[in-house]
Each structure stands twice: as structure tokens, then as C-alpha cells.
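**Student:** Take this structure, written in C-alpha cells, and hold onto it; I'll ask about it next.
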Amino acid sequence: MPRQVDHEARRRHIAAAVWRLAASGGLEDATIRRVAAEAGVPARQLQYYFGTREDLLLGALELLNRDGEAEARERVAALGQEPEPRDVLRSVLLEFLPLDESRRQRHLVHMAYFVRFMTEDALRDRIRDAPPELEDLIAMLLPEGRRDEADFLLAGTTGLQGQMLLGQLRAERAIELIDRQLDRLFAPVD
């Protein structure tokens, strides 16, 4: 009887190899040959599941983002049946901080991708026009749907992320800064 192959599990296994290489040495280390060795599979299997190296890198990023979204949804669901918009927004923003090992590793990988996107036009072009779903969500959760504040919150939070990854900012302080901004934005209007 032929063996059943879980293609999604194989794709994830290969993507995890990309993530490990990216987190430890940047995407420069994520060559087809090195990813295959890290995953313990033949290079042809990478090409079968992803195609080109560019497709491999973008496919691994897509899976990483999907996993991050699933974790974020679980944390938002833990807020209860009808959480306040402020609490949902706080939960969304805290996803950008390396508050546990899962998020820390994900953000290290994202940093590696960021550097690569800055230097490689083909990759940058494929993500440049992605819809601003996250900014839209943040704006929707804010009083009066203020897009300028949404953009600022997202930019500020990603800046805090970098400082935390470098060890320049403690988690408690980063959370305090986010809470202060949310208190300002959700303050009752007189």
C-alpha cells in the first residue's frame, strides 16, 4: 500500500528550516543547499514544494505569518466573548513584542526578511503592494477609526520590538508605553 504523504507537514518542515537559518544567520544562509541540509531532505524536494529560492523564501514567510496570526487569534479569543476594542487592540499590538520564545523567534526571522527586502528588489516588489490589512484592523478598533493613529501605533510598536530584540528595552517598559498610548487614545472625551 502506498505511503500517504502529508504535503502541508512537509512544507512546514522545510519552512521551519528556513526560519532556523534566518534567525541564526540571516536569509543569506538560506540557500537551497543549506535549507535542504537543515531540513534533512534532498534539494529537489524543496523545489518540488516551493519552486525557486524566491518562492521558498516567500512561502516560508507566508507560513510564518499564518502561524503568527493563529497564535494572535488564540490570545484574542482568550479575552472572552465580547472584549472591549481597547483590549483587542492591546492584544494585537503585544503580538509585535518578543514577549515569549515563539514571538521572539518569529520576530528575529521577520528582521532577517526585512533586511533582505531592503536589498532585493524582486522580493520587495512582491510584497510592496500588499493590502494594509493590519493598519485597517487597528484603525477599526480605534475610536473614530483614526488611520493616522493606527499608522503611528504600528510604527511605534515595531520600533519597540527592535529595541527589545537588541536588549535595549525591557518587556515591562514596552508594555507600559503601549498602555500609555492606548490610555490616551481611549480616554473619555469631555
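Order determines the names: the first chain of the C-alpha cells is A, the second B, and so forth; residues in each chain are numbered 1 upward, and ligands are numbered 1 upward as they are shown.
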Could you give me, as a PyMOL selection string, the residues within 12 Å of segment 153-158 of chain A, counting only C-alpha atoms and dropping anything in the same chain fewer than 4 positions from it?
**Tutor:** chain A and resi 89-98+107+110-111+114+132-139+141-142+146-149+162-165+171+173-182+184-185
**Student:** Among segment 74-157 of chain A, which ones does DSSP assign to alpha helix (DSSP H) (computed from the backbone)? Answer as a compact mmCIF listing (two decimals) with N, CA, C and O atoms, in the first residue's frame.
**Tutor:**
```txt
# COMPACT_ATOMS: atom_id res chain seq x y z
N GLU A 74 -5.77 33.15 18.97
CA GLU A 74 -5.98 32.41 20.23
C GLU A 74 -5.91 33.36 21.42
O GLU A 74 -6.72 33.25 22.34
N ARG A 75 -4.94 34.27 21.41
CA ARG A 75 -4.81 35.21 22.53
C ARG A 75 -5.99 36.18 22.57
O ARG A 75 -6.46 36.54 23.65
N VAL A 76 -6.47 36.60 21.41
CA VAL A 76 -7.65 37.48 21.39
C VAL A 76 -8.87 36.70 21.88
O VAL A 76 -9.68 37.23 22.66
N ALA A 77 -9.01 35.46 21.46
CA ALA A 77 -10.15 34.64 21.90
C ALA A 77 -10.13 34.46 23.41
O ALA A 77 -11.20 34.38 24.05
N PRO A 85 -12.85 46.98 22.52
CA PRO A 85 -11.91 47.27 21.44
C PRO A 85 -10.49 47.58 21.94
O PRO A 85 -9.51 47.15 21.33
N ARG A 86 -10.39 48.28 23.05
CA ARG A 86 -9.06 48.61 23.60
C ARG A 86 -8.30 47.34 23.95
O ARG A 86 -7.10 47.23 23.69
N ASP A 87 -8.98 46.37 24.54
CA ASP A 87 -8.32 45.12 24.93
C ASP A 87 -7.89 44.32 23.70
O ASP A 87 -6.81 43.71 23.69
N VAL A 88 -8.73 44.31 22.68
CA VAL A 88 -8.36 43.61 21.44
C VAL A 88 -7.16 44.30 20.80
O VAL A 88 -6.20 43.63 20.40
N LEU A 89 -7.19 45.61 20.74
CA LEU A 89 -6.09 46.37 20.15
C LEU A 89 -4.79 46.14 20.93
O LEU A 89 -3.73 45.93 20.35
N ARG A 90 -4.89 46.14 22.24
CA ARG A 90 -3.71 45.88 23.08
C ARG A 90 -3.14 44.50 22.76
O ARG A 90 -1.93 44.34 22.60
N SER A 91 -4.00 43.52 22.65
CA SER A 91 -3.56 42.17 22.33
C SER A 91 -2.88 42.11 20.96
O SER A 91 -1.84 41.47 20.80
N VAL A 92 -3.45 42.81 19.98
CA VAL A 92 -2.86 42.86 18.64
C VAL A 92 -1.48 43.50 18.70
O VAL A 92 -0.51 42.97 18.13
N LEU A 93 -1.35 44.61 19.39
CA LEU A 93 -0.06 45.31 19.47
C LEU A 93 0.99 44.49 20.22
O LEU A 93 2.17 44.48 19.85
N LEU A 94 0.56 43.79 21.26
CA LEU A 94 1.52 42.98 22.02
C LEU A 94 2.07 41.82 21.20
O LEU A 94 3.14 41.29 21.51
N GLU A 101 9.20 33.00 23.72
CA GLU A 101 10.17 32.46 22.77
C GLU A 101 9.59 32.34 21.37
O GLU A 101 10.28 32.57 20.37
N SER A 102 8.33 31.98 21.27
CA SER A 102 7.69 31.85 19.95
C SER A 102 7.70 33.18 19.20
O SER A 102 8.11 33.26 18.05
N ARG A 103 7.27 34.23 19.88
CA ARG A 103 7.26 35.55 19.24
C ARG A 103 8.68 36.07 19.01
O ARG A 103 8.95 36.69 17.98
N ARG A 104 9.58 35.78 19.92
CA ARG A 104 10.97 36.23 19.75
C ARG A 104 11.56 35.62 18.48
O ARG A 104 12.15 36.34 17.66
N GLN A 105 11.40 34.33 18.30
CA GLN A 105 11.93 33.67 17.11
C GLN A 105 11.27 34.20 15.85
O GLN A 105 11.92 34.45 14.84
N ARG A 106 9.95 34.39 15.89
CA ARG A 106 9.23 34.91 14.73
C ARG A 106 9.74 36.29 14.35
O ARG A 106 9.97 36.59 13.18
N HIS A 107 9.98 37.14 15.35
CA HIS A 107 10.45 38.50 15.06
C HIS A 107 11.89 38.52 14.56
O HIS A 107 12.25 39.35 13.73
N LEU A 108 12.72 37.60 15.06
CA LEU A 108 14.09 37.51 14.53
C LEU A 108 14.04 37.14 13.05
O LEU A 108 14.79 37.69 12.23
N VAL A 109 13.16 36.21 12.70
CA VAL A 109 13.03 35.81 11.29
C VAL A 109 12.51 36.99 10.47
O VAL A 109 13.01 37.28 9.38
N HIS A 110 11.51 37.71 11.00
CA HIS A 110 10.99 38.87 10.28
C HIS A 110 12.09 39.92 10.05
O HIS A 110 12.13 40.55 8.99
N MET A 111 12.96 40.10 11.03
CA MET A 111 14.06 41.05 10.86
C MET A 111 14.97 40.61 9.71
O MET A 111 15.42 41.44 8.91
N ALA A 112 15.24 39.33 9.61
CA ALA A 112 16.07 38.82 8.52
C ALA A 112 15.40 39.10 7.17
O ALA A 112 16.05 39.49 6.21
N TYR A 113 14.08 38.91 7.12
CA TYR A 113 13.35 39.20 5.88
C TYR A 113 13.39 40.70 5.59
O TYR A 113 13.53 41.11 4.44
N PHE A 114 13.25 41.53 6.61
CA PHE A 114 13.27 42.97 6.41
C PHE A 114 14.57 43.40 5.74
O PHE A 114 14.55 44.16 4.76
N VAL A 115 15.69 42.90 6.24
CA VAL A 115 16.98 43.24 5.65
C VAL A 115 17.03 42.79 4.20
O VAL A 115 17.47 43.52 3.31
N ARG A 116 16.53 41.59 3.94
CA ARG A 116 16.55 41.07 2.57
C ARG A 116 15.66 41.90 1.65
O ARG A 116 16.01 42.18 0.51
N PHE A 117 14.49 42.30 2.13
CA PHE A 117 13.58 43.11 1.32
C PHE A 117 14.20 44.47 0.99
O PHE A 117 13.92 45.04 -0.06
N MET A 118 15.03 44.99 1.88
CA MET A 118 15.67 46.28 1.64
C MET A 118 16.69 46.20 0.51
O MET A 118 16.97 47.20 -0.14
N THR A 119 17.25 45.01 0.28
CA THR A 119 18.34 44.89 -0.68
C THR A 119 17.98 44.12 -1.95
O THR A 119 18.76 44.13 -2.89
N ASP A 121 15.28 43.79 -4.86
CA ASP A 121 14.11 44.38 -5.50
C ASP A 121 13.01 43.37 -5.82
O ASP A 121 11.83 43.66 -5.63
N ALA A 122 13.37 42.19 -6.31
CA ALA A 122 12.37 41.20 -6.71
C ALA A 122 11.50 40.79 -5.53
O ALA A 122 10.27 40.68 -5.66
N LEU A 123 12.11 40.57 -4.37
CA LEU A 123 11.33 40.21 -3.19
C LEU A 123 10.50 41.39 -2.71
O LEU A 123 9.32 41.24 -2.38
N ARG A 124 11.12 42.56 -2.66
CA ARG A 124 10.40 43.75 -2.19
C ARG A 124 9.20 44.04 -3.07
O ARG A 124 8.11 44.36 -2.59
N ASP A 125 9.35 43.89 -4.38
CA ASP A 125 8.25 44.17 -5.29
C ASP A 125 7.07 43.23 -5.06
O ASP A 125 5.91 43.62 -5.24
N ARG A 126 7.35 42.01 -4.64
CA ARG A 126 6.26 41.04 -4.43
C ARG A 126 5.46 41.33 -3.18
O ARG A 126 4.34 40.86 -3.06
N ILE A 127 6.01 42.09 -2.23
CA ILE A 127 5.25 42.39 -1.01
C ILE A 127 4.85 43.85 -0.89
O ILE A 127 4.02 44.19 -0.07
N ARG A 128 5.42 44.71 -1.72
CA ARG A 128 5.21 46.15 -1.58
C ARG A 128 3.74 46.56 -1.60
O ARG A 128 3.30 47.38 -0.81
N GLU A 133 -3.95 45.39 5.65
CA GLU A 133 -4.96 44.76 6.50
C GLU A 133 -4.75 45.07 7.97
O GLU A 133 -5.71 45.34 8.71
N LEU A 134 -3.51 45.01 8.42
CA LEU A 134 -3.24 45.25 9.83
C LEU A 134 -3.55 46.69 10.21
O LEU A 134 -4.18 46.94 11.24
N GLU A 135 -3.12 47.62 9.39
CA GLU A 135 -3.41 49.03 9.66
C GLU A 135 -4.93 49.26 9.68
O GLU A 135 -5.44 50.01 10.51
N ASP A 136 -5.64 48.60 8.77
CA ASP A 136 -7.10 48.74 8.73
C ASP A 136 -7.73 48.20 10.01
O ASP A 136 -8.65 48.79 10.56
N LEU A 137 -7.25 47.05 10.48
CA LEU A 137 -7.77 46.47 11.72
C LEU A 137 -7.54 47.40 12.89
O LEU A 137 -8.45 47.65 13.69
N ILE A 138 -6.32 47.92 13.01
CA ILE A 138 -6.01 48.82 14.12
C ILE A 138 -6.88 50.07 14.05
O ILE A 138 -7.44 50.49 15.07
N ALA A 139 -7.01 50.64 12.87
CA ALA A 139 -7.85 51.84 12.72
C ALA A 139 -9.30 51.54 13.10
O ALA A 139 -9.96 52.35 13.75
N MET A 140 -9.79 50.38 12.71
CA MET A 140 -11.18 49.99 13.01
C MET A 140 -11.40 49.89 14.52
O MET A 140 -12.47 50.22 15.02
N LEU A 141 -10.39 49.47 15.26
CA LEU A 141 -10.53 49.30 16.71
C LEU A 141 -10.39 50.61 17.47
O LEU A 141 -10.80 50.70 18.62
N ARG A 147 -6.94 56.65 11.19
CA ARG A 147 -5.88 55.96 10.45
C ARG A 147 -4.50 56.50 10.80
O ARG A 147 -3.52 55.73 10.87
N ASP A 148 -4.37 57.80 11.05
CA ASP A 148 -3.06 58.36 11.40
C ASP A 148 -2.56 57.76 12.72
O ASP A 148 -1.39 57.41 12.84
N GLU A 149 -3.45 57.60 13.67
CA GLU A 149 -3.07 56.98 14.95
C GLU A 149 -2.74 55.51 14.77
O GLU A 149 -1.83 54.98 15.41
N ALA A 150 -3.46 54.83 13.89
CA ALA A 150 -3.19 53.42 13.61
C ALA A 150 -1.79 53.26 13.04
O ALA A 150 -1.02 52.39 13.47
N ASP A 151 -1.44 54.10 12.08
CA ASP A 151 -0.11 54.04 11.48
C ASP A 151 0.98 54.30 12.52
O ASP A 151 2.00 53.62 12.56
N PHE A 152 0.72 55.29 13.40
CA PHE A 152 1.69 55.63 14.43
C PHE A 152 1.85 54.50 15.44
O PHE A 152 2.96 54.15 15.84
N LEU A 153 0.73 53.90 15.86
CA LEU A 153 0.80 52.79 16.81
C LEU A 153 1.59 51.62 16.24
O LEU A 153 2.41 51.01 16.93
N LEU A 154 1.34 51.30 15.00
CA LEU A 154 2.04 50.18 14.38
C LEU A 154 3.53 50.48 14.24
O LEU A 154 4.38 49.64 14.58
N ALA A 155 3.86 51.67 13.78
CA ALA A 155 5.27 52.04 13.64
C ALA A 155 5.97 52.08 15.00
O ALA A 155 7.09 51.59 15.15
N GLY A 156 5.31 52.65 15.98
CA GLY A 156 5.90 52.71 17.32
C GLY A 156 6.11 51.34 17.93
O GLY A 156 7.15 51.06 18.53
N THR A 157 5.15 50.46 17.75
CA THR A 157 5.26 49.13 18.31
C THR A 157 6.37 48.33 17.65
O THR A 157 7.12 47.62 18.31
```
**Student:** From the list A:Glu28, A:Gln47, A:Arg34, A:Ala60, which residue is nearest Arg12 of chain A when using only C-alpha atoms?
**Tutor:**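 Selected residue with least distance to Arg12 of chain A: A:Ala60.
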**Student:** Between A:Arg66, A:Leu57, A:Leu46, A:Gln4, single out the one closest to Gly26 of chain A, counting only C-alpha atoms.
**Tutor:**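 The answer is A:Leu57, which sits nearest to Gly26 of chain A.
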**Student:** Rounded to one decimal place, report the atom CA of Leu79 of chain A-atom CA of Leu99 of chain A distance in Å.
**Tutor:**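 Calculated distance between atom CA of Leu79 of chain A and atom CA of Leu99 of chain A is 17.4 Å.
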